[in-house]
>>> print(open('upload-v8.cif').read())   # mmCIF, N, CA and C atoms
data_target
#
loop_
_atom_site.label_atom_id
_atom_site.label_comp_id
_atom_site.auth_asym_id
_atom_site.auth_seq_id
_atom_site.Cartn_x
_atom_site.Cartn_y
_atom_site.Cartn_z
N MET E 1 -14.03 -84.73 145.72
CA MET E 1 -13.41 -85.10 146.97
C MET E 1 -13.70 -86.58 147.22
N PRO E 2 -12.64 -87.40 147.32
CA PRO E 2 -12.86 -88.82 147.56
C PRO E 2 -13.39 -89.07 148.97
N SER E 3 -14.27 -90.02 149.07
CA SER E 3 -14.83 -90.36 150.38
C SER E 3 -15.15 -91.85 150.42
N VAL E 4 -15.32 -92.34 151.64
CA VAL E 4 -15.69 -93.73 151.84
C VAL E 4 -16.91 -93.75 152.76
N THR E 5 -17.91 -94.55 152.40
CA THR E 5 -19.10 -94.72 153.21
C THR E 5 -19.16 -96.17 153.67
N ILE E 6 -19.34 -96.35 154.96
CA ILE E 6 -19.38 -97.68 155.55
C ILE E 6 -20.74 -97.89 156.20
N ASN E 7 -21.37 -99.02 155.89
CA ASN E 7 -22.59 -99.45 156.56
C ASN E 7 -22.21 -100.59 157.49
N ASN E 8 -22.58 -100.48 158.74
CA ASN E 8 -22.26 -101.50 159.73
C ASN E 8 -23.46 -101.68 160.65
N PRO E 9 -24.12 -102.85 160.59
CA PRO E 9 -25.29 -103.06 161.44
C PRO E 9 -24.96 -102.97 162.93
N ASN E 10 -23.68 -103.09 163.30
CA ASN E 10 -23.25 -102.99 164.70
C ASN E 10 -22.50 -101.68 164.96
N LEU E 11 -22.87 -100.61 164.26
CA LEU E 11 -22.15 -99.35 164.37
C LEU E 11 -22.11 -98.83 165.80
N GLU E 12 -23.20 -98.94 166.52
CA GLU E 12 -23.22 -98.43 167.89
C GLU E 12 -22.21 -99.16 168.76
N ALA E 13 -22.11 -100.47 168.61
CA ALA E 13 -21.17 -101.26 169.42
C ALA E 13 -19.74 -101.14 168.92
N ASP E 14 -19.55 -101.19 167.59
CA ASP E 14 -18.20 -101.20 167.01
C ASP E 14 -17.60 -99.80 166.88
N GLY E 15 -18.45 -98.81 166.65
CA GLY E 15 -17.97 -97.47 166.34
C GLY E 15 -17.60 -97.37 164.87
N PRO E 16 -17.16 -96.19 164.44
CA PRO E 16 -16.79 -96.01 163.04
C PRO E 16 -15.41 -96.63 162.76
N VAL E 17 -15.43 -97.91 162.39
CA VAL E 17 -14.21 -98.68 162.14
C VAL E 17 -14.11 -98.97 160.65
N LEU E 18 -12.89 -98.85 160.12
CA LEU E 18 -12.66 -99.18 158.73
C LEU E 18 -11.27 -99.79 158.57
N GLU E 19 -11.07 -100.43 157.44
CA GLU E 19 -9.78 -101.05 157.14
C GLU E 19 -8.85 -100.03 156.49
N VAL E 20 -7.63 -99.96 157.03
CA VAL E 20 -6.62 -99.06 156.48
C VAL E 20 -5.32 -99.82 156.27
N GLN E 21 -4.46 -99.25 155.46
CA GLN E 21 -3.12 -99.80 155.26
C GLN E 21 -2.10 -98.74 155.67
N PHE E 22 -1.03 -99.22 156.31
CA PHE E 22 0.08 -98.33 156.64
C PHE E 22 1.26 -98.69 155.77
N LEU E 23 1.89 -97.64 155.23
CA LEU E 23 3.05 -97.78 154.36
C LEU E 23 4.12 -96.80 154.82
N ILE E 24 5.32 -96.99 154.32
CA ILE E 24 6.37 -96.01 154.58
C ILE E 24 5.99 -94.70 153.90
N SER E 25 6.59 -93.61 154.31
CA SER E 25 6.28 -92.31 153.73
C SER E 25 6.65 -92.29 152.24
N SER E 26 6.03 -91.40 151.51
CA SER E 26 6.33 -91.30 150.08
C SER E 26 7.78 -90.88 149.85
N GLU E 27 8.33 -90.05 150.72
CA GLU E 27 9.73 -89.63 150.59
C GLU E 27 10.67 -90.82 150.81
N LEU E 28 10.39 -91.63 151.81
CA LEU E 28 11.21 -92.81 152.06
C LEU E 28 11.06 -93.83 150.93
N GLU E 29 9.85 -93.92 150.38
CA GLU E 29 9.64 -94.83 149.25
C GLU E 29 10.50 -94.42 148.05
N LYS E 30 10.59 -93.12 147.78
CA LYS E 30 11.45 -92.63 146.68
C LYS E 30 12.91 -93.04 146.93
N LYS E 31 13.35 -92.91 148.18
CA LYS E 31 14.72 -93.28 148.53
C LYS E 31 14.95 -94.77 148.31
N TYR E 32 14.01 -95.60 148.77
CA TYR E 32 14.12 -97.05 148.58
C TYR E 32 14.24 -97.39 147.10
N LYS E 33 13.39 -96.78 146.28
CA LYS E 33 13.38 -97.07 144.85
C LYS E 33 14.68 -96.61 144.19
N LYS E 34 15.16 -95.44 144.57
CA LYS E 34 16.41 -94.91 144.02
C LYS E 34 17.58 -95.84 144.34
N GLU E 35 17.56 -96.44 145.54
CA GLU E 35 18.63 -97.34 145.97
C GLU E 35 18.34 -98.80 145.62
N ASN E 36 17.25 -99.05 144.88
CA ASN E 36 16.83 -100.40 144.48
C ASN E 36 16.63 -101.33 145.67
N ASN E 37 16.12 -100.78 146.77
CA ASN E 37 15.79 -101.58 147.94
C ASN E 37 14.34 -102.03 147.85
N PRO E 38 14.04 -103.26 148.27
CA PRO E 38 12.64 -103.70 148.24
C PRO E 38 11.79 -102.91 149.23
N LEU E 39 10.58 -102.60 148.83
CA LEU E 39 9.67 -101.87 149.70
C LEU E 39 9.03 -102.80 150.72
N PRO E 40 8.88 -102.35 151.97
CA PRO E 40 8.16 -103.18 152.94
C PRO E 40 6.70 -103.35 152.51
N GLU E 41 6.15 -104.50 152.80
CA GLU E 41 4.74 -104.76 152.48
C GLU E 41 3.85 -103.86 153.33
N PRO E 42 2.74 -103.36 152.77
CA PRO E 42 1.80 -102.57 153.57
C PRO E 42 1.25 -103.40 154.73
N VAL E 43 0.94 -102.75 155.82
CA VAL E 43 0.35 -103.40 156.99
C VAL E 43 -1.12 -103.01 157.03
N THR E 44 -2.01 -104.01 156.92
CA THR E 44 -3.45 -103.77 156.89
C THR E 44 -4.04 -104.03 158.27
N VAL E 45 -4.78 -103.04 158.78
CA VAL E 45 -5.37 -103.16 160.12
C VAL E 45 -6.74 -102.49 160.14
N LYS E 46 -7.45 -102.68 161.26
CA LYS E 46 -8.70 -101.96 161.50
C LYS E 46 -8.37 -100.69 162.28
N ALA E 47 -9.00 -99.59 161.87
CA ALA E 47 -8.80 -98.31 162.53
C ALA E 47 -10.15 -97.74 162.98
N LEU E 48 -10.14 -97.13 164.14
CA LEU E 48 -11.33 -96.49 164.69
C LEU E 48 -11.20 -94.98 164.52
N ILE E 49 -12.19 -94.35 163.93
CA ILE E 49 -12.23 -92.89 163.87
C ILE E 49 -12.62 -92.41 165.26
N ASP E 50 -11.73 -91.64 165.89
CA ASP E 50 -11.91 -91.27 167.30
C ASP E 50 -11.83 -89.76 167.46
N THR E 51 -12.98 -89.11 167.57
CA THR E 51 -12.99 -87.65 167.72
C THR E 51 -12.45 -87.22 169.07
N GLY E 52 -12.29 -88.14 169.99
CA GLY E 52 -11.71 -87.83 171.30
C GLY E 52 -10.19 -87.90 171.31
N ALA E 53 -9.60 -88.43 170.26
CA ALA E 53 -8.14 -88.56 170.18
C ALA E 53 -7.56 -87.33 169.48
N THR E 54 -6.63 -86.66 170.15
CA THR E 54 -5.99 -85.49 169.56
C THR E 54 -5.19 -85.88 168.33
N SER E 55 -4.49 -87.01 168.43
CA SER E 55 -3.57 -87.45 167.37
C SER E 55 -3.87 -88.88 166.96
N CYS E 56 -3.36 -89.25 165.80
CA CYS E 56 -3.46 -90.63 165.33
C CYS E 56 -2.52 -91.52 166.14
N VAL E 57 -3.00 -92.69 166.46
CA VAL E 57 -2.23 -93.66 167.24
C VAL E 57 -2.22 -94.98 166.48
N ILE E 58 -1.08 -95.66 166.52
CA ILE E 58 -0.94 -96.96 165.89
C ILE E 58 -0.42 -97.96 166.90
N GLN E 59 -0.77 -99.21 166.71
CA GLN E 59 -0.24 -100.29 167.54
C GLN E 59 1.28 -100.32 167.39
N GLU E 60 1.98 -100.56 168.47
CA GLU E 60 3.44 -100.45 168.51
C GLU E 60 4.18 -101.32 167.49
N ASP E 61 3.60 -102.43 167.07
CA ASP E 61 4.31 -103.32 166.16
C ASP E 61 4.27 -102.86 164.69
N ILE E 62 3.40 -101.92 164.36
CA ILE E 62 3.27 -101.50 162.96
C ILE E 62 4.55 -100.87 162.42
N PRO E 63 5.17 -99.92 163.12
CA PRO E 63 6.43 -99.35 162.59
C PRO E 63 7.54 -100.39 162.47
N LYS E 64 7.54 -101.36 163.36
CA LYS E 64 8.56 -102.43 163.29
C LYS E 64 8.38 -103.24 162.02
N LYS E 65 7.13 -103.53 161.65
CA LYS E 65 6.86 -104.29 160.44
C LYS E 65 7.29 -103.53 159.19
N LEU E 66 7.30 -102.19 159.28
CA LEU E 66 7.70 -101.36 158.15
C LEU E 66 9.17 -100.94 158.24
N ASN E 67 9.86 -101.44 159.28
CA ASN E 67 11.28 -101.14 159.50
C ASN E 67 11.53 -99.63 159.61
N LEU E 68 10.67 -98.94 160.35
CA LEU E 68 10.78 -97.49 160.49
C LEU E 68 11.52 -97.12 161.77
N GLN E 69 12.17 -95.97 161.72
CA GLN E 69 12.84 -95.39 162.88
C GLN E 69 11.98 -94.23 163.39
N PRO E 70 11.95 -94.03 164.71
CA PRO E 70 11.16 -92.92 165.24
C PRO E 70 11.69 -91.57 164.75
N VAL E 71 10.78 -90.62 164.59
CA VAL E 71 11.17 -89.26 164.22
C VAL E 71 11.06 -88.32 165.42
N GLY E 72 10.56 -88.84 166.52
CA GLY E 72 10.42 -88.03 167.72
C GLY E 72 9.80 -88.83 168.83
N GLU E 73 9.58 -88.14 169.93
CA GLU E 73 8.96 -88.75 171.11
C GLU E 73 7.97 -87.75 171.66
N VAL E 74 6.81 -88.23 172.07
CA VAL E 74 5.78 -87.35 172.62
C VAL E 74 5.31 -87.90 173.96
N ASN E 75 4.82 -87.00 174.78
CA ASN E 75 4.24 -87.38 176.06
C ASN E 75 2.74 -87.47 175.86
N MET E 76 2.17 -88.64 176.09
CA MET E 76 0.77 -88.89 175.79
C MET E 76 0.02 -89.28 177.06
N SER E 77 -1.20 -88.78 177.17
CA SER E 77 -2.09 -89.18 178.26
C SER E 77 -3.36 -89.73 177.66
N THR E 78 -3.90 -90.76 178.30
CA THR E 78 -5.15 -91.38 177.88
C THR E 78 -6.06 -91.43 179.10
N PRO E 79 -7.30 -91.89 178.93
CA PRO E 79 -8.15 -92.01 180.12
C PRO E 79 -7.57 -92.94 181.19
N SER E 80 -6.71 -93.88 180.78
CA SER E 80 -6.17 -94.83 181.77
C SER E 80 -4.70 -94.62 182.10
N THR E 81 -4.00 -93.74 181.39
CA THR E 81 -2.58 -93.49 181.68
C THR E 81 -2.30 -92.00 181.63
N LYS E 82 -1.31 -91.61 182.39
CA LYS E 82 -0.88 -90.20 182.40
C LYS E 82 0.60 -90.14 182.11
N GLY E 83 0.99 -89.25 181.22
CA GLY E 83 2.40 -88.99 180.99
C GLY E 83 3.20 -90.14 180.46
N CYS E 84 2.67 -90.85 179.48
CA CYS E 84 3.38 -91.98 178.87
C CYS E 84 4.22 -91.46 177.70
N ASN E 85 5.52 -91.72 177.72
CA ASN E 85 6.39 -91.32 176.60
C ASN E 85 6.27 -92.35 175.49
N CYS E 86 5.95 -91.88 174.30
CA CYS E 86 5.74 -92.77 173.16
C CYS E 86 6.52 -92.24 171.95
N PHE E 87 7.00 -93.16 171.13
CA PHE E 87 7.69 -92.77 169.91
C PHE E 87 6.68 -92.35 168.85
N GLN E 88 7.14 -91.45 168.00
CA GLN E 88 6.32 -90.96 166.90
C GLN E 88 7.02 -91.34 165.59
N TYR E 89 6.21 -91.75 164.59
CA TYR E 89 6.72 -92.19 163.31
C TYR E 89 6.02 -91.42 162.20
N TYR E 90 6.74 -91.12 161.14
CA TYR E 90 6.16 -90.46 159.98
C TYR E 90 5.86 -91.54 158.95
N MET E 91 4.60 -91.66 158.56
CA MET E 91 4.21 -92.73 157.64
C MET E 91 2.97 -92.32 156.87
N ARG E 92 2.55 -93.23 156.01
CA ARG E 92 1.39 -93.00 155.15
C ARG E 92 0.29 -93.97 155.54
N MET E 93 -0.92 -93.44 155.64
CA MET E 93 -2.11 -94.26 155.89
C MET E 93 -2.99 -94.16 154.65
N VAL E 94 -3.42 -95.31 154.15
CA VAL E 94 -4.24 -95.36 152.95
C VAL E 94 -5.51 -96.15 153.26
N ILE E 95 -6.64 -95.63 152.82
CA ILE E 95 -7.88 -96.39 152.85
C ILE E 95 -8.01 -96.97 151.45
N PRO E 96 -7.56 -98.23 151.29
CA PRO E 96 -7.39 -98.77 149.93
C PRO E 96 -8.67 -98.86 149.11
N SER E 97 -9.81 -99.05 149.76
CA SER E 97 -11.05 -99.20 149.00
C SER E 97 -11.39 -97.94 148.21
N HIS E 98 -10.89 -96.78 148.65
CA HIS E 98 -11.23 -95.52 147.98
C HIS E 98 -10.01 -94.62 147.76
N ASN E 99 -8.83 -95.17 147.97
CA ASN E 99 -7.57 -94.47 147.76
C ASN E 99 -7.51 -93.12 148.49
N LEU E 100 -8.05 -93.08 149.70
CA LEU E 100 -7.90 -91.91 150.56
C LEU E 100 -6.55 -92.02 151.25
N ILE E 101 -5.79 -90.93 151.26
CA ILE E 101 -4.42 -90.98 151.78
C ILE E 101 -4.19 -89.86 152.77
N TYR E 102 -3.54 -90.21 153.87
CA TYR E 102 -3.05 -89.22 154.83
C TYR E 102 -1.60 -89.57 155.11
N GLU E 103 -0.73 -88.59 155.05
CA GLU E 103 0.68 -88.80 155.36
C GLU E 103 1.06 -87.84 156.47
N GLY E 104 1.61 -88.38 157.55
CA GLY E 104 1.96 -87.54 158.68
C GLY E 104 2.45 -88.35 159.85
N PRO E 105 2.52 -87.71 161.02
CA PRO E 105 3.02 -88.39 162.21
C PRO E 105 1.97 -89.28 162.85
N PHE E 106 2.42 -90.40 163.37
CA PHE E 106 1.58 -91.34 164.11
C PHE E 106 2.30 -91.71 165.40
N ILE E 107 1.57 -91.75 166.49
CA ILE E 107 2.13 -92.12 167.79
C ILE E 107 1.96 -93.62 167.97
N ALA E 108 3.05 -94.30 168.32
CA ALA E 108 3.00 -95.74 168.57
C ALA E 108 2.72 -95.97 170.05
N ALA E 109 1.66 -96.70 170.34
CA ALA E 109 1.29 -97.00 171.72
C ALA E 109 0.59 -98.35 171.76
N SER E 110 0.45 -98.89 172.93
CA SER E 110 -0.22 -100.17 173.09
C SER E 110 -1.73 -100.00 172.92
N LEU E 111 -2.29 -100.75 172.02
CA LEU E 111 -3.74 -100.82 171.85
C LEU E 111 -4.21 -102.25 172.11
N ASP E 112 -3.45 -102.96 172.93
CA ASP E 112 -3.76 -104.36 173.23
C ASP E 112 -5.16 -104.50 173.83
N GLY E 113 -5.78 -105.63 173.54
CA GLY E 113 -7.09 -105.93 174.09
C GLY E 113 -8.23 -105.21 173.38
N GLN E 114 -7.93 -104.57 172.27
CA GLN E 114 -8.95 -103.85 171.52
C GLN E 114 -9.18 -104.56 170.19
N ASN E 115 -10.25 -104.22 169.54
CA ASN E 115 -10.59 -104.80 168.24
C ASN E 115 -9.97 -104.00 167.09
N ILE E 116 -9.09 -103.08 167.43
CA ILE E 116 -8.49 -102.18 166.45
C ILE E 116 -6.98 -102.12 166.66
N SER E 117 -6.28 -101.62 165.64
CA SER E 117 -4.83 -101.43 165.75
C SER E 117 -4.43 -99.99 165.45
N SER E 118 -5.43 -99.11 165.33
CA SER E 118 -5.13 -97.71 165.04
C SER E 118 -6.32 -96.83 165.43
N LEU E 119 -6.00 -95.60 165.83
CA LEU E 119 -7.00 -94.57 166.04
C LEU E 119 -6.75 -93.46 165.03
N ILE E 120 -7.79 -93.04 164.35
CA ILE E 120 -7.70 -91.89 163.46
C ILE E 120 -8.19 -90.70 164.27
N GLY E 121 -7.26 -89.81 164.60
CA GLY E 121 -7.56 -88.70 165.50
C GLY E 121 -7.86 -87.40 164.80
N ARG E 122 -7.95 -86.35 165.63
CA ARG E 122 -8.34 -85.05 165.11
C ARG E 122 -7.28 -84.41 164.22
N ASP E 123 -6.04 -84.91 164.27
CA ASP E 123 -5.03 -84.37 163.36
C ASP E 123 -5.37 -84.71 161.90
N VAL E 124 -6.05 -85.82 161.66
CA VAL E 124 -6.56 -86.15 160.32
C VAL E 124 -7.92 -85.51 160.12
N LEU E 125 -8.75 -85.55 161.14
CA LEU E 125 -10.12 -85.04 161.01
C LEU E 125 -10.17 -83.53 160.76
N LYS E 126 -9.12 -82.80 161.13
CA LYS E 126 -9.12 -81.34 160.90
C LYS E 126 -9.18 -81.03 159.41
N ASP E 127 -8.74 -81.96 158.58
CA ASP E 127 -8.79 -81.79 157.12
C ASP E 127 -9.76 -82.79 156.49
N SER E 128 -10.82 -83.10 157.21
CA SER E 128 -11.76 -84.13 156.76
C SER E 128 -13.19 -83.70 157.02
N ILE E 129 -14.08 -84.49 156.46
CA ILE E 129 -15.50 -84.38 156.78
C ILE E 129 -15.94 -85.75 157.25
N LEU E 130 -16.52 -85.80 158.44
CA LEU E 130 -17.04 -87.05 158.99
C LEU E 130 -18.54 -86.88 159.20
N ILE E 131 -19.29 -87.78 158.58
CA ILE E 131 -20.75 -87.78 158.75
C ILE E 131 -21.13 -89.10 159.40
N TYR E 132 -21.76 -89.02 160.55
CA TYR E 132 -22.15 -90.21 161.32
C TYR E 132 -23.68 -90.21 161.38
N ILE E 133 -24.27 -91.21 160.73
CA ILE E 133 -25.74 -91.31 160.70
C ILE E 133 -26.11 -92.56 161.50
N GLY E 134 -26.25 -92.38 162.80
CA GLY E 134 -26.48 -93.49 163.71
C GLY E 134 -27.72 -94.31 163.42
N ASN E 135 -28.84 -93.65 163.11
CA ASN E 135 -30.08 -94.41 162.89
C ASN E 135 -30.05 -95.20 161.59
N LYS E 136 -29.05 -94.96 160.72
CA LYS E 136 -28.89 -95.75 159.49
C LYS E 136 -27.67 -96.67 159.58
N ASN E 137 -26.99 -96.69 160.75
CA ASN E 137 -25.80 -97.52 160.94
C ASN E 137 -24.76 -97.25 159.85
N GLN E 138 -24.51 -95.97 159.60
CA GLN E 138 -23.67 -95.59 158.48
C GLN E 138 -22.79 -94.39 158.86
N PHE E 139 -21.58 -94.38 158.33
CA PHE E 139 -20.74 -93.19 158.43
C PHE E 139 -19.99 -92.98 157.14
N THR E 140 -19.62 -91.73 156.88
CA THR E 140 -18.87 -91.36 155.69
C THR E 140 -17.68 -90.52 156.13
N LEU E 141 -16.52 -90.83 155.57
CA LEU E 141 -15.31 -90.05 155.83
C LEU E 141 -14.76 -89.55 154.50
N SER E 142 -14.52 -88.25 154.43
CA SER E 142 -13.85 -87.64 153.28
C SER E 142 -12.62 -86.94 153.80
N ILE E 143 -11.48 -87.20 153.18
CA ILE E 143 -10.25 -86.51 153.53
C ILE E 143 -9.99 -85.47 152.45
N LEU E 144 -9.95 -84.21 152.85
CA LEU E 144 -9.81 -83.09 151.90
C LEU E 144 -8.40 -83.00 151.36
#
>>> encode(input="upload-v8.cif", output="structure tokens")
Amino acid sequence: MPSVTINNPNLEADGPVLEVQFLISSELEKKYKKENNPLPEPVTVKALIDTGATSCVIQEDIPKKLNLQPVGEVNMSTPSTKGCNCFQYYMRMVIPSHNLIYEGPFIAASLDGQNISSLIGRDVLKDSILIYIGNKNQFTLSIL
């Protein structure tokens, strides 16, 4: 089972943050290749593993950079907002350092003013193992 272990001396302040890449879905990639269309460049961002988030969230500009169309709309509530309608996109998230891959829906919402551009929520964590060792400033994520 592939996993990534991150050591961060500021783990308590930063939280479990890692670098991820967003790409178009594998199905859309096959279509692009079949039609000889150039693939959009991956978008590399910082993501926070958030056990309080039901679903994965991405900064609103990420799907635009990948030229994606929404696949749906969801009603989302956060600690600071209630009933916000947000578009949902189907895409691939890769942790390039260890080739961990998750493909599924992501909700596009504003994450302005944060040090991150994505939240990895419980929809990914349900098929994962997360080990957080606070006194060693270390966490490990395995996606099953």
>>> resolve_selection(input="upload-v8.cif", expression="the PyMOL selection byres ((chain E and resi 107) around 8)", output="list in words")
Ser55, Cys56, Val57, Ile58, Gln59, Glu60, Val74, Cys86, Phe87, Gln88, Tyr89, Tyr90, Gly104, Pro105, Phe106, Ala108, Ala109 and Ser110 of chain E
>>> resolve_selection(input="upload-v8.cif", expression="the PyMOL selection byres ((chain E and resi 128) around 6)", output="PDB file with N, CA and C atoms, in the frame of the given file")
ATOM      1  N   VAL E 124      -6.050 -85.820 161.660  1.00  0.00           N
ATOM      2  CA  VAL E 124      -6.560 -86.150 160.320  1.00  0.00           C
ATOM      3  C   VAL E 124      -7.920 -85.510 160.120  1.00  0.00           C
ATOM      4  N   LEU E 125      -8.750 -85.550 161.140  1.00  0.00           N
ATOM      5  CA  LEU E 125     -10.120 -85.040 161.010  1.00  0.00           C
ATOM      6  C   LEU E 125     -10.170 -83.530 160.760  1.00  0.00           C
ATOM      7  N   LYS E 126      -9.120 -82.800 161.130  1.00  0.00           N
ATOM      8  CA  LYS E 126      -9.120 -81.340 160.900  1.00  0.00           C
ATOM      9  C   LYS E 126      -9.180 -81.030 159.410  1.00  0.00           C
ATOM     10  N   ASP E 127      -8.740 -81.960 158.580  1.00  0.00           N
ATOM     11  CA  ASP E 127      -8.790 -81.790 157.120  1.00  0.00           C
ATOM     12  C   ASP E 127      -9.760 -82.790 156.490  1.00  0.00           C
ATOM     13  N   ILE E 129     -14.080 -84.490 156.460  1.00  0.00           N
ATOM     14  CA  ILE E 129     -15.500 -84.380 156.780  1.00  0.00           C
ATOM     15  C   ILE E 129     -15.940 -85.750 157.250  1.00  0.00           C
ATOM     16  N   LEU E 130     -16.520 -85.800 158.440  1.00  0.00           N
ATOM     17  CA  LEU E 130     -17.040 -87.050 158.990  1.00  0.00           C
ATOM     18  C   LEU E 130     -18.540 -86.880 159.200  1.00  0.00           C
ATOM     19  N   SER E 142     -14.520 -88.250 154.430  1.00  0.00           N
ATOM     20  CA  SER E 142     -13.850 -87.640 153.280  1.00  0.00           C
ATOM     21  C   SER E 142     -12.620 -86.940 153.800  1.00  0.00           C
ATOM     22  N   ILE E 143     -11.480 -87.200 153.180  1.00  0.00           N
ATOM     23  CA  ILE E 143     -10.250 -86.510 153.530  1.00  0.00           C
ATOM     24  C   ILE E 143      -9.990 -85.470 152.450  1.00  0.00           C
ATOM     25  N   LEU E 144      -9.950 -84.210 152.850  1.00  0.00           N
ATOM     26  CA  LEU E 144      -9.810 -83.090 151.900  1.00  0.00           C
ATOM     27  C   LEU E 144      -8.400 -83.000 151.360  1.00  0.00           C
TER      28      LEU E 144
END
>>> closest_residue(input="upload-v8.cif", among="E:His98, E:Thr51, E:Leu23, E:Lys31", to="Ile120 in chain E", atoms="all atoms listed in the file")
E:Thr51
>>> atom_distance(input="upload-v8.cif", atom1="CA of Asn85 in chain E", atom2="CA of Asp112 in chain E")
16.9 Å
>>> residues_around(input="upload-v8.cif", residues="range 39-42 of chain E", least_positions_apart="2", cutoff="6 Å", atoms="only N, CA and C atoms", output="PDB file with N, CA and C atoms, keeping the file's coordinate frame")
ATOM      1  N   GLN E  21      -4.460 -99.250 155.460  1.00  0.00           N
ATOM      2  CA  GLN E  21      -3.120 -99.800 155.260  1.00  0.00           C
ATOM      3  C   GLN E  21      -2.100 -98.740 155.670  1.00  0.00           C
ATOM      4  N   PHE E  22      -1.030 -99.220 156.310  1.00  0.00           N
ATOM      5  CA  PHE E  22       0.080 -98.330 156.640  1.00  0.00           C
ATOM      6  C   PHE E  22       1.260 -98.690 155.770  1.00  0.00           C
ATOM      7  N   LEU E  23       1.890 -97.640 155.230  1.00  0.00           N
ATOM      8  CA  LEU E  23       3.050 -97.780 154.360  1.00  0.00           C
ATOM      9  C   LEU E  23       4.120 -96.800 154.820  1.00  0.00           C
ATOM     10  N   ASN E  37      16.120-100.780 146.770  1.00  0.00           N
ATOM     11  CA  ASN E  37      15.790-101.580 147.940  1.00  0.00           C
ATOM     12  C   ASN E  37      14.340-102.030 147.850  1.00  0.00           C
ATOM     13  N   THR E  44      -2.010-104.010 156.920  1.00  0.00           N
ATOM     14  CA  THR E  44      -3.450-103.770 156.890  1.00  0.00           C
ATOM     15  C   THR E  44      -4.040-104.030 158.270  1.00  0.00           C
ATOM     16  N   LEU E  66       7.300-102.190 159.280  1.00  0.00           N
ATOM     17  CA  LEU E  66       7.700-101.360 158.150  1.00  0.00           C
ATOM     18  C   LEU E  66       9.170-100.940 158.240  1.00  0.00           C
TER      19      LEU E  66
END
>>> atom_distance(input="upload-v8.cif", atom1="atom N of Gln114 in chain E", atom2="CA of Lys136 in chain E")
26.1 Å
>>> decode(input="upload-v8.cif", residues="range 53-57 of chain E", atoms="all heavy atoms", output="mmCIF file, in the first residue's frame")
data_model
loop_
_atom_site.group_PDB
_atom_site.id
_atom_site.type_symbol
_atom_site.label_atom_id
_atom_site.label_comp_id
_atom_site.auth_asym_id
_atom_site.auth_seq_id
_atom_site.Cartn_x
_atom_site.Cartn_y
_atom_site.Cartn_z
ATOM 1 N N ALA E 53 -13.864 17.948 7.327
ATOM 2 C CA ALA E 53 -14.511 18.216 6.036
ATOM 3 C C ALA E 53 -15.142 16.928 5.511
ATOM 4 O O ALA E 53 -14.469 15.918 5.353
ATOM 5 C CB ALA E 53 -13.491 18.749 5.032
ATOM 6 N N THR E 54 -16.429 16.982 5.226
ATOM 7 C CA THR E 54 -17.127 15.822 4.689
ATOM 8 C C THR E 54 -16.579 15.452 3.318
ATOM 9 O O THR E 54 -16.395 14.282 3.004
ATOM 10 C CB THR E 54 -18.634 16.117 4.563
ATOM 11 O OG1 THR E 54 -19.114 16.543 5.826
ATOM 12 C CG2 THR E 54 -19.411 14.909 4.108
ATOM 13 N N SER E 55 -16.315 16.468 2.507
ATOM 14 C CA SER E 55 -15.899 16.264 1.114
ATOM 15 C C SER E 55 -14.635 17.044 0.809
ATOM 16 O O SER E 55 -14.292 17.991 1.508
ATOM 17 C CB SER E 55 -17.001 16.748 0.170
ATOM 18 O OG SER E 55 -18.209 16.089 0.437
ATOM 19 N N CYS E 56 -13.987 16.651 -0.276
ATOM 20 C CA CYS E 56 -12.815 17.380 -0.759
ATOM 21 C C CYS E 56 -13.251 18.709 -1.369
ATOM 22 O O CYS E 56 -14.262 18.774 -2.074
ATOM 23 C CB CYS E 56 -12.077 16.567 -1.820
ATOM 24 S SG CYS E 56 -11.239 15.129 -1.169
ATOM 25 N N VAL E 57 -12.476 19.723 -1.099
ATOM 26 C CA VAL E 57 -12.755 21.067 -1.605
ATOM 27 C C VAL E 57 -11.510 21.580 -2.311
ATOM 28 O O VAL E 57 -10.389 21.323 -1.869
ATOM 29 C CB VAL E 57 -13.148 22.025 -0.449
ATOM 30 C CG1 VAL E 57 -13.375 23.434 -0.951
ATOM 31 C CG2 VAL E 57 -14.377 21.508 0.294
#
